$ cat run29.cif   # mmCIF, C-alpha atoms and all ligand atoms
data_query
#
loop_
_atom_site.group_PDB
_atom_site.id
_atom_site.type_symbol
_atom_site.label_atom_id
_atom_site.label_comp_id
_atom_site.auth_asym_id
_atom_site.auth_seq_id
_atom_site.Cartn_x
_atom_site.Cartn_y
_atom_site.Cartn_z
ATOM 1 C CA MET A 264 124.103 160.890 133.325
ATOM 2 C CA ASN A 265 127.748 160.760 134.404
ATOM 3 C CA ARG A 266 129.304 163.624 136.299
ATOM 4 C CA ALA A 267 131.495 165.627 133.979
ATOM 5 C CA GLY A 268 133.956 168.440 133.570
ATOM 6 C CA ARG A 269 134.387 170.321 130.330
ATOM 7 C CA PHE A 270 136.379 172.602 128.051
ATOM 8 C CA ALA A 271 134.319 175.061 126.050
ATOM 9 C CA PRO A 272 136.318 177.116 123.547
ATOM 10 C CA SER A 273 134.986 179.774 121.191
ATOM 11 C CA PRO A 274 135.974 178.815 117.639
ATOM 12 C CA SER A 275 137.361 182.244 116.774
ATOM 13 C CA GLY A 276 140.817 181.027 115.776
ATOM 14 C CA GLU A 277 143.532 178.596 116.761
ATOM 15 C CA LEU A 278 144.001 177.912 120.460
ATOM 16 C CA HIS A 279 147.084 179.514 121.976
ATOM 17 C CA VAL A 280 149.269 178.284 124.803
ATOM 18 C CA GLY A 281 147.022 179.921 127.396
ATOM 19 C CA ASN A 282 143.898 178.167 126.062
ATOM 20 C CA LEU A 283 145.779 174.859 125.854
ATOM 21 C CA ARG A 284 146.943 175.217 129.449
ATOM 22 C CA THR A 285 143.393 175.827 130.646
ATOM 23 C CA ALA A 286 142.226 172.788 128.649
ATOM 24 C CA ILE A 287 144.898 170.607 130.275
ATOM 25 C CA LEU A 288 143.889 171.882 133.719
ATOM 26 C CA ALA A 289 140.203 171.199 133.075
ATOM 27 C CA TRP A 290 141.129 167.705 131.874
ATOM 28 C CA LEU A 291 143.272 167.048 134.977
ATOM 29 C CA PHE A 292 140.539 168.270 137.339
ATOM 30 C CA ALA A 293 137.933 166.065 135.636
ATOM 31 C CA ARG A 294 139.981 162.900 135.137
ATOM 32 C CA SER A 295 141.544 163.024 138.608
ATOM 33 C CA THR A 296 138.033 162.968 140.104
ATOM 34 C CA GLY A 297 136.673 160.198 137.875
ATOM 35 C CA ARG A 298 134.546 162.549 135.820
ATOM 36 C CA ASP A 299 133.820 162.395 132.125
ATOM 37 C CA PHE A 300 135.362 165.201 130.094
ATOM 38 C CA LEU A 301 133.187 166.942 127.519
ATOM 39 C CA LEU A 302 133.927 169.421 124.764
ATOM 40 C CA ARG A 303 131.500 172.167 123.904
ATOM 41 C CA VAL A 304 131.972 174.618 121.063
ATOM 42 C CA GLU A 305 130.708 178.053 122.074
ATOM 43 C CA ASP A 306 129.974 179.252 118.577
ATOM 44 C CA LEU A 307 127.079 181.651 119.194
ATOM 45 C CA ASP A 308 129.388 184.551 118.484
ATOM 46 C CA ARG A 309 132.773 185.112 116.885
ATOM 47 C CA ALA A 310 132.899 181.769 115.054
ATOM 48 C CA ARG A 311 135.436 181.472 112.226
ATOM 49 C CA ALA A 312 135.010 178.785 109.585
ATOM 50 C CA GLY A 313 137.512 175.977 110.095
ATOM 51 C CA ALA A 314 138.567 177.040 113.575
ATOM 52 C CA GLU A 315 136.661 174.263 115.366
ATOM 53 C CA ALA A 316 138.510 171.542 113.437
ATOM 54 C CA GLU A 317 141.850 173.216 114.175
ATOM 55 C CA GLN A 318 141.031 173.440 117.865
ATOM 56 C CA LEU A 319 140.020 169.772 118.136
ATOM 57 C CA ARG A 320 143.155 168.757 116.241
ATOM 58 C CA ASP A 321 145.365 170.758 118.626
ATOM 59 C CA LEU A 322 143.658 169.450 121.763
ATOM 60 C CA ALA A 323 144.213 165.897 120.536
ATOM 61 C CA ALA A 324 147.843 166.717 119.723
ATOM 62 C CA ILE A 325 148.608 167.654 123.336
ATOM 63 C CA GLY A 326 146.839 164.565 124.652
ATOM 64 C CA VAL A 327 143.461 165.971 125.727
ATOM 65 C CA THR A 328 140.864 163.224 125.274
ATOM 66 C CA TRP A 329 137.113 163.717 125.533
ATOM 67 C CA ASP A 330 133.973 161.653 125.860
ATOM 68 C CA GLY A 331 131.047 161.566 123.498
ATOM 69 C CA ALA A 332 130.172 163.934 120.711
ATOM 70 C CA VAL A 333 131.160 167.592 120.655
ATOM 71 C CA VAL A 334 128.194 169.855 121.431
ATOM 72 C CA ARG A 335 127.739 173.082 119.473
ATOM 73 C CA GLN A 336 125.748 175.947 120.931
ATOM 74 C CA THR A 337 124.346 176.952 117.546
ATOM 75 C CA ASP A 338 122.418 173.631 117.560
ATOM 76 C CA ARG A 339 120.724 174.467 120.847
ATOM 77 C CA GLY A 340 118.673 177.593 120.170
ATOM 78 C CA ALA A 341 115.381 175.870 121.023
ATOM 79 C CA VAL A 342 116.658 174.801 124.448
ATOM 80 C CA TYR A 343 117.798 178.338 125.256
ATOM 81 C CA GLY A 344 114.428 179.647 124.085
ATOM 82 C CA GLU A 345 112.642 177.289 126.484
ATOM 83 C CA ALA A 346 114.746 178.458 129.425
ATOM 84 C CA ILE A 347 114.019 182.118 128.621
ATOM 85 C CA ALA A 348 110.314 181.290 128.267
ATOM 86 C CA ARG A 349 110.323 179.672 131.722
ATOM 87 C CA LEU A 350 111.923 182.761 133.249
ATOM 88 C CA THR A 351 109.465 185.006 131.426
ATOM 89 C CA ALA A 352 106.503 182.944 132.664
ATOM 90 C CA ALA A 353 107.826 183.454 136.197
ATOM 91 C CA GLY A 354 107.963 187.236 135.692
ATOM 92 C CA LEU A 355 111.761 187.207 135.712
ATOM 93 C CA THR A 356 112.520 188.921 132.400
ATOM 94 C CA TYR A 357 111.791 192.193 130.647
ATOM 95 C CA GLU A 358 112.428 193.745 127.280
ATOM 96 C CA CYS A 359 115.215 196.299 126.966
ATOM 97 C CA PHE A 360 115.484 198.782 124.115
ATOM 98 C CA CYS A 361 118.628 200.606 125.229
ATOM 99 C CA THR A 362 121.533 201.145 122.885
ATOM 100 C CA ARG A 363 125.020 200.561 124.217
ATOM 101 C CA ARG A 364 125.501 204.314 124.276
ATOM 102 C CA GLU A 365 122.298 204.955 126.229
ATOM 103 C CA ILE A 366 123.461 202.483 128.861
ATOM 104 C CA GLN A 367 126.863 204.144 129.113
ATOM 105 C CA GLU A 368 125.332 207.604 129.427
ATOM 106 C CA ALA A 369 122.506 206.709 131.806
ATOM 107 C CA PRO A 370 122.951 207.840 135.389
ATOM 108 C CA SER A 371 123.598 204.698 137.403
ATOM 109 C CA ALA A 372 121.060 203.708 140.011
ATOM 110 C CA PRO A 373 121.960 204.624 143.600
ATOM 111 C CA HIS A 374 124.186 201.981 145.230
ATOM 112 C CA ALA A 375 124.494 200.166 141.902
ATOM 113 C CA PRO A 376 127.924 198.690 141.285
ATOM 114 C CA GLN A 377 130.061 200.060 138.464
ATOM 115 C CA GLY A 378 129.099 198.700 135.067
ATOM 116 C CA ALA A 379 125.733 197.339 136.205
ATOM 117 C CA TYR A 380 122.744 197.915 133.924
ATOM 118 C CA PRO A 381 120.968 201.005 135.323
ATOM 119 C CA GLY A 382 117.485 199.488 135.010
ATOM 120 C CA THR A 383 116.191 202.005 132.448
ATOM 121 C CA CYS A 384 113.657 199.589 130.900
ATOM 122 C CA ARG A 385 112.796 197.622 134.027
ATOM 123 C CA ASN A 386 109.435 199.278 134.635
ATOM 124 C CA LEU A 387 108.276 200.604 131.265
ATOM 125 C CA ASP A 388 104.504 200.668 130.935
ATOM 126 C CA PRO A 389 102.993 198.369 128.298
ATOM 127 C CA ALA A 390 102.145 201.209 125.899
ATOM 128 C CA GLU A 391 105.741 202.410 126.007
ATOM 129 C CA VAL A 392 106.988 198.872 125.324
ATOM 130 C CA GLU A 393 104.598 198.627 122.376
ATOM 131 C CA PHE A 394 105.844 201.921 120.956
ATOM 132 C CA ARG A 395 109.522 201.066 121.375
ATOM 133 C CA ARG A 396 109.120 197.643 119.771
ATOM 134 C CA SER A 397 108.157 199.385 116.555
ATOM 135 C CA ASN A 398 111.498 201.229 116.526
ATOM 136 C CA ARG A 399 114.010 198.710 117.669
ATOM 137 C CA PRO A 400 114.092 194.988 118.438
ATOM 138 C CA ALA A 401 114.296 194.306 122.159
ATOM 139 C CA ALA A 402 116.964 192.505 124.106
ATOM 140 C CA ILE A 403 115.677 190.286 126.916
ATOM 141 C CA ARG A 404 117.080 190.999 130.366
ATOM 142 C CA LEU A 405 116.832 189.114 133.619
ATOM 143 C CA ARG A 406 114.771 190.828 136.309
ATOM 144 C CA ALA A 407 117.268 190.103 139.066
ATOM 145 C CA GLU A 408 115.975 190.133 142.620
ATOM 146 C CA VAL A 409 119.417 190.334 144.208
ATOM 147 C CA ALA A 410 122.321 192.744 143.704
ATOM 148 C CA GLU A 411 125.046 190.217 144.455
ATOM 149 C CA TYR A 412 125.491 186.486 144.859
ATOM 150 C CA THR A 413 128.130 184.282 146.444
ATOM 151 C CA VAL A 414 129.812 181.277 144.854
ATOM 152 C CA ARG A 415 132.420 178.854 146.120
ATOM 153 C CA ASP A 416 135.547 178.294 144.091
ATOM 154 C CA VAL A 417 138.113 175.561 144.715
ATOM 155 C CA LEU A 418 141.011 178.012 144.291
ATOM 156 C CA HIS A 419 139.448 181.340 145.324
ATOM 157 C CA GLY A 420 137.245 180.244 148.204
ATOM 158 C CA GLU A 421 134.021 182.219 148.662
ATOM 159 C CA PHE A 422 133.564 184.871 146.017
ATOM 160 C CA THR A 423 130.774 187.441 146.079
ATOM 161 C CA GLY A 424 130.104 189.419 142.911
ATOM 162 C CA VAL A 425 127.644 191.667 141.144
ATOM 163 C CA VAL A 426 124.346 190.422 139.782
ATOM 164 C CA ASP A 427 122.560 193.010 137.666
ATOM 165 C CA ASP A 428 119.741 192.743 135.136
ATOM 166 C CA PHE A 429 122.055 191.088 132.650
ATOM 167 C CA VAL A 430 121.110 190.248 129.056
ATOM 168 C CA LEU A 431 119.714 186.775 128.310
ATOM 169 C CA ARG A 432 119.101 187.317 124.614
ATOM 170 C CA ARG A 433 120.651 190.128 122.628
ATOM 171 C CA ASN A 434 118.536 192.323 120.416
ATOM 172 C CA ASP A 435 120.000 190.615 117.326
ATOM 173 C CA GLY A 436 118.434 187.367 118.582
ATOM 174 C CA VAL A 437 121.701 185.762 119.734
ATOM 175 C CA THR A 438 121.503 183.994 123.097
ATOM 176 C CA ALA A 439 123.803 185.595 125.649
ATOM 177 C CA TYR A 440 126.772 183.648 126.987
ATOM 178 C CA ASN A 441 125.570 183.713 130.600
ATOM 179 C CA LEU A 442 122.274 181.993 129.718
ATOM 180 C CA ALA A 443 123.734 179.459 127.277
ATOM 181 C CA VAL A 444 126.509 178.362 129.600
ATOM 182 C CA VAL A 445 124.139 177.722 132.508
ATOM 183 C CA VAL A 446 121.622 175.789 130.412
ATOM 184 C CA ASP A 447 124.313 173.737 128.672
ATOM 185 C CA ASP A 448 126.225 172.813 131.815
ATOM 186 C CA ALA A 449 123.038 171.554 133.459
ATOM 187 C CA ALA A 450 121.901 169.656 130.356
ATOM 188 C CA GLN A 451 125.278 167.958 129.960
ATOM 189 C CA GLY A 452 125.596 166.901 133.594
ATOM 190 C CA ILE A 453 128.588 169.178 134.077
ATOM 191 C CA ASP A 454 129.119 169.614 137.804
ATOM 192 C CA GLN A 455 132.682 170.933 137.627
ATOM 193 C CA VAL A 456 133.620 174.097 135.727
ATOM 194 C CA VAL A 457 137.336 174.819 135.290
ATOM 195 C CA ARG A 458 138.171 177.920 133.249
ATOM 196 C CA GLY A 459 140.294 181.070 133.182
ATOM 197 C CA ASP A 460 140.012 183.411 136.141
ATOM 198 C CA ASP A 461 138.942 186.268 133.855
ATOM 199 C CA LEU A 462 135.496 184.623 134.061
ATOM 200 C CA LEU A 463 135.299 184.593 137.867
ATOM 201 C CA SER A 464 133.508 187.959 137.977
ATOM 202 C CA SER A 465 130.592 186.704 135.855
ATOM 203 C CA THR A 466 130.215 183.482 137.856
ATOM 204 C CA PRO A 467 127.831 184.913 140.501
ATOM 205 C CA ARG A 468 125.455 185.917 137.674
ATOM 206 C CA GLN A 469 125.541 182.385 136.282
ATOM 207 C CA ALA A 470 125.099 180.670 139.653
ATOM 208 C CA TYR A 471 122.169 182.963 140.475
ATOM 209 C CA LEU A 472 120.595 182.140 137.118
ATOM 210 C CA SER A 473 121.081 178.405 137.824
ATOM 211 C CA SER A 474 119.188 178.846 141.077
ATOM 212 C CA LEU A 475 116.299 180.618 139.301
ATOM 213 C CA LEU A 476 116.099 177.800 136.742
ATOM 214 C CA HIS A 477 116.288 175.176 139.519
ATOM 215 C CA MET A 478 119.473 173.825 138.004
ATOM 216 C CA PRO A 479 122.398 172.605 140.132
ATOM 217 C CA VAL A 480 125.301 175.011 140.625
ATOM 218 C CA PRO A 481 128.561 173.328 139.542
ATOM 219 C CA GLU A 482 131.811 173.280 141.462
ATOM 220 C CA TYR A 483 134.036 176.067 140.127
ATOM 221 C CA ALA A 484 137.799 176.349 139.753
ATOM 222 C CA HIS A 485 139.028 179.537 138.109
ATOM 223 C CA VAL A 486 142.634 179.064 137.106
ATOM 224 C CA PRO A 487 145.301 181.703 136.476
ATOM 225 C CA LEU A 488 145.766 182.910 132.909
ATOM 226 C CA VAL A 489 148.897 182.939 130.818
ATOM 227 C CA VAL A 490 150.300 186.428 130.319
ATOM 228 C CA ASN A 491 152.988 187.961 128.113
ATOM 229 C CA ALA A 492 156.184 189.583 129.411
ATOM 230 C CA ASP A 493 154.237 192.841 129.990
ATOM 231 C CA GLY A 494 151.693 191.094 132.184
ATOM 232 C CA ALA A 495 148.872 191.342 129.612
ATOM 233 C CA ARG A 496 146.729 188.354 128.761
ATOM 234 C CA LEU A 497 148.460 186.258 126.094
ATOM 235 C CA ALA A 498 147.253 186.949 122.537
ATOM 236 C CA LYS A 499 148.122 185.983 118.996
ATOM 237 C CA ARG A 500 150.245 189.117 118.580
ATOM 238 C CA ASP A 501 152.673 187.822 121.215
ATOM 239 C CA GLY A 502 154.621 185.849 118.610
ATOM 240 C CA ALA A 503 154.570 182.074 118.226
ATOM 241 C CA VAL A 504 151.811 181.031 120.635
ATOM 242 C CA THR A 505 149.820 178.397 118.710
ATOM 243 C CA LEU A 506 150.893 174.817 118.007
ATOM 244 C CA THR A 507 151.130 175.681 114.299
ATOM 245 C CA ASP A 508 153.450 178.636 114.959
ATOM 246 C CA LEU A 509 155.491 176.730 117.499
ATOM 247 C CA SER A 510 155.959 173.675 115.293
ATOM 248 C CA ARG A 511 157.322 175.990 112.596
ATOM 249 C CA GLU A 512 159.925 177.042 115.121
ATOM 250 C CA GLY A 513 160.785 173.424 115.847
ATOM 251 C CA VAL A 514 158.739 173.018 119.041
ATOM 252 C CA ALA A 515 156.571 169.902 118.736
ATOM 253 C CA ALA A 516 153.183 169.504 120.423
ATOM 254 C CA ALA A 517 154.636 167.106 123.015
ATOM 255 C CA ALA A 518 157.223 169.732 123.980
ATOM 256 C CA VAL A 519 154.487 172.366 124.385
ATOM 257 C CA ARG A 520 152.536 169.949 126.579
ATOM 258 C CA ASP A 521 155.685 169.393 128.673
ATOM 259 C CA LEU A 522 156.233 173.152 129.073
ATOM 260 C CA ILE A 523 152.648 173.516 130.249
ATOM 261 C CA LEU A 524 152.956 170.612 132.708
ATOM 262 C CA GLN A 525 156.190 172.097 134.068
ATOM 263 C CA SER A 526 154.480 175.457 134.533
ATOM 264 C CA LEU A 527 151.956 173.636 136.733
ATOM 265 C CA GLY A 528 154.660 171.964 138.813
ATOM 266 C CA LEU A 529 153.859 168.591 137.238
ATOM 267 C CA PRO A 530 156.214 166.016 135.693
ATOM 268 C CA ARG A 531 156.754 166.002 131.921
ATOM 269 C CA GLY A 532 155.167 163.217 129.953
ATOM 270 C CA THR A 533 151.670 162.166 129.054
ATOM 271 C CA LEU A 534 148.687 163.790 130.741
ATOM 272 C CA GLU A 535 147.779 160.376 132.187
ATOM 273 C CA SER A 536 151.179 160.168 133.859
ATOM 274 C CA ALA A 537 150.675 163.652 135.377
ATOM 275 C CA LEU A 538 147.393 162.628 137.016
ATOM 276 C CA SER A 539 148.937 160.971 140.056
ATOM 277 C CA ALA A 540 150.958 164.114 140.854
ATOM 278 C CA PHE A 541 148.034 166.496 140.344
ATOM 279 C CA ARG A 542 146.962 168.324 143.519
ATOM 280 C CA PRO A 543 144.551 171.186 142.807
ATOM 281 C CA LEU A 544 145.444 173.108 145.951
ATOM 282 C CA ASP A 545 149.164 173.000 145.091
ATOM 283 C CA LEU A 546 148.673 174.714 141.735
ATOM 284 C CA PRO A 547 150.512 178.001 141.200
ATOM 285 C CA ARG A 548 148.146 180.901 141.958
ATOM 286 C CA GLU A 549 149.995 183.453 139.867
ATOM 287 C CA PRO A 550 149.670 183.888 136.088
ATOM 288 C CA TRP A 551 152.235 182.011 134.016
ATOM 289 C CA VAL A 552 154.445 184.403 132.086
ATOM 290 C CA TRP A 553 155.023 183.160 128.543
ATOM 291 C CA ARG A 554 158.351 184.287 127.120
ATOM 292 C CA ARG A 555 158.929 184.360 123.401
ATOM 293 C CA LEU A 556 160.730 181.202 122.318
HETATM 294 ZN ZN ZN A 601 117.014 199.171 128.486
#

$ encode --input "run29.cif" --output "structure tokens"
Amino acid sequence: MNRAGRFAPSPSGELHVGNLRTAILAWLFARSTGRDFLLRVEDLDRARAGAEAEQLRDLAAIGVTWDGAVVRQTDRGAVYGEAIARLTAAGLTYECFCTRREIQEAPSAPHAPQGAYPGTCRNLDPAEVEFRRSNRPAAIRLRAEVAEYTVRDVLHGEFTGVVDDFVLRRNDGVTAYNLAVVVDDAAQGIDQVVRGDDLLSSTPRQAYLSSLLHMPVPEYAHVPLVVNADGARLAKRDGAVTLTDLSREGVAAAAVRDLILQSLGLPRGTLESALSAFRPLDLPREPWVWRRL
């Protein structure tokens, strides 16, 4: 299996300039290091009919090329089930019956970081589990044996973050993002993960899970997001931010690609022509502020 980088959008709508910029960065990181570049559709949740085709069309329009077939997470339920079964066989999972509200209202465990699952269901006795199963389907949580974990990131250096008993499978049967992403990256030979820095905080959970599953931990690069003039993460309500909107205003895909390359301190032109100027450590470390065109 070739070494690979990837872009893994959720097909919830059209990609906006921020998503496209992250895709270009992931492509540059992968291609500049001789890696394959794979596309994975993270459609376990929030999928909108037709959005995947729009996203692939827009990636192609800005010059992002990829290798092999697109992988969809909804096709991979059996693989996720096997990984959860392995963890369960090793005593590393438990069933959780908490509602969102119960978790919010539970007193947090001493020394537990803010937002961490308080461990309510960690040590239920079997009779209690039996009784609760009859009332409410269980979520499956990881029985974490650490409270934090350290990862290395190309742009952020060493980063230590919270590991709690996070959910592996929700109580509606949907595989949780943290489990799917770890299993998929390993299965696809992805050893370089480039994505928005809003995901840095969940990376220690994923790397810890990789270690429990005896899967390699990829190299990470968490890149700055694109924000609006108020400093908030760019969203559809910030005006013309998709290729469709922008083309209506007379801005062609190639011009959007050039704006993105400029924002990265790279020459305008094709992505291939930007490769020779691409230096990861010279990338801007601040968010890019998108101004209405
Ligand atoms: Zn619980």

$ residues_near_ligand --input "run29.cif" --ligand "ligand ZN 601 (chain A)" --cutoff "7 Å" --atoms "all atoms listed in the file" --output "JSON, numbers by chain"
{"A": [359, 360, 361, 382, 383, 384]}

$ resolve_selection --input "run29.cif" --expression "the PyMOL selection byres (((chain A and resi 366) around 12) and not hetatm)" --output "list of chain:residue names"
A:Cys359, A:Phe360, A:Cys361, A:Thr362, A:Arg363, A:Arg364, A:Glu365, A:Gln367, A:Glu368, A:Ala369, A:Pro370, A:Ser371, A:Ala372, A:Gln377, A:Gly378, A:Ala379, A:Tyr380, A:Pro381, A:Gly382, A:Thr383, A:Cys384

$ resolve_selection --input "run29.cif" --expression "the PyMOL selection byres (((chain A and resi 278) around 10) and not hetatm)" --output "CSV table (one decimal) with C-alpha atoms, in the frame of the given file"
chain,number,residue,atom,x,y,z
A,272,PRO,CA,136.3,177.1,123.5
A,273,SER,CA,135.0,179.8,121.2
A,274,PRO,CA,136.0,178.8,117.6
A,275,SER,CA,137.4,182.2,116.8
A,276,GLY,CA,140.8,181.0,115.8
A,277,GLU,CA,143.5,178.6,116.8
A,279,HIS,CA,147.1,179.5,122.0
A,280,VAL,CA,149.3,178.3,124.8
A,281,GLY,CA,147.0,179.9,127.4
A,282,ASN,CA,143.9,178.2,126.1
A,283,LEU,CA,145.8,174.9,125.9
A,284,ARG,CA,146.9,175.2,129.4
A,286,ALA,CA,142.2,172.8,128.6
A,314,ALA,CA,138.6,177.0,113.6
A,315,GLU,CA,136.7,174.3,115.4
A,317,GLU,CA,141.8,173.2,114.2
A,318,GLN,CA,141.0,173.4,117.9
A,319,LEU,CA,140.0,169.8,118.1
A,321,ASP,CA,145.4,170.8,118.6
A,322,LEU,CA,143.7,169.4,121.8
A,498,ALA,CA,147.3,186.9,122.5
A,499,LYS,CA,148.1,186.0,119.0
A,504,VAL,CA,151.8,181.0,120.6
A,505,THR,CA,149.8,178.4,118.7
A,506,LEU,CA,150.9,174.8,118.0
A,507,THR,CA,151.1,175.7,114.3

$ residues_near_point --input "run29.cif" --point "(122.5, 177.6, 121.6)" --cutoff "10 Å" --atoms "only C-alpha atoms" --output "list in words"
Val304, Glu305, Asp306, Leu307, Val334, Arg335, Gln336, Thr337, Asp338, Arg339, Gly340, Ala341, Val342, Tyr343, Gly344, Val437, Thr438, Ala439, Tyr440, Leu442, Ala443, Val444, Val446 and Asp447 of chain A

$ residues_around --input "run29.cif" --residues "Glu411 in chain A" --least-positions-apart "4" --cutoff "7 Å" --atoms "all atoms listed in the file" --output "number ranges by chain"
A: 423-426

$ write_last_selection --input "run29.cif" --atoms "C-alpha atoms" --output "short mmCIF file (atom, residue, chain, number, x, y, z; two decimals), in the frame of the given file"
data_model
loop_
_atom_site.label_atom_id
_atom_site.label_comp_id
_atom_site.auth_asym_id
_atom_site.auth_seq_id
_atom_site.Cartn_x
_atom_site.Cartn_y
_atom_site.Cartn_z
CA THR A 423 130.77 187.44 146.08
CA GLY A 424 130.10 189.42 142.91
CA VAL A 425 127.64 191.67 141.14
CA VAL A 426 124.35 190.42 139.78
#

$ resolve_selection --input "run29.cif" --expression "the PyMOL selection byres (((chain A and resi 457) around 8) and not hetatm)" --output "ChimeraX atom specification"
/A:268-270,285,288-289,292,455-456,458-459,483-486

$ write_last_selection --input "run29.cif" --atoms "C-alpha atoms" --output "CSV table (one decimal), in the frame of the given file"
chain,number,residue,atom,x,y,z
A,268,GLY,CA,134.0,168.4,133.6
A,269,ARG,CA,134.4,170.3,130.3
A,270,PHE,CA,136.4,172.6,128.1
A,285,THR,CA,143.4,175.8,130.6
A,288,LEU,CA,143.9,171.9,133.7
A,289,ALA,CA,140.2,171.2,133.1
A,292,PHE,CA,140.5,168.3,137.3
A,455,GLN,CA,132.7,170.9,137.6
A,456,VAL,CA,133.6,174.1,135.7
A,458,ARG,CA,138.2,177.9,133.2
A,459,GLY,CA,140.3,181.1,133.2
A,483,TYR,CA,134.0,176.1,140.1
A,484,ALA,CA,137.8,176.3,139.8
A,485,HIS,CA,139.0,179.5,138.1
A,486,VAL,CA,142.6,179.1,137.1
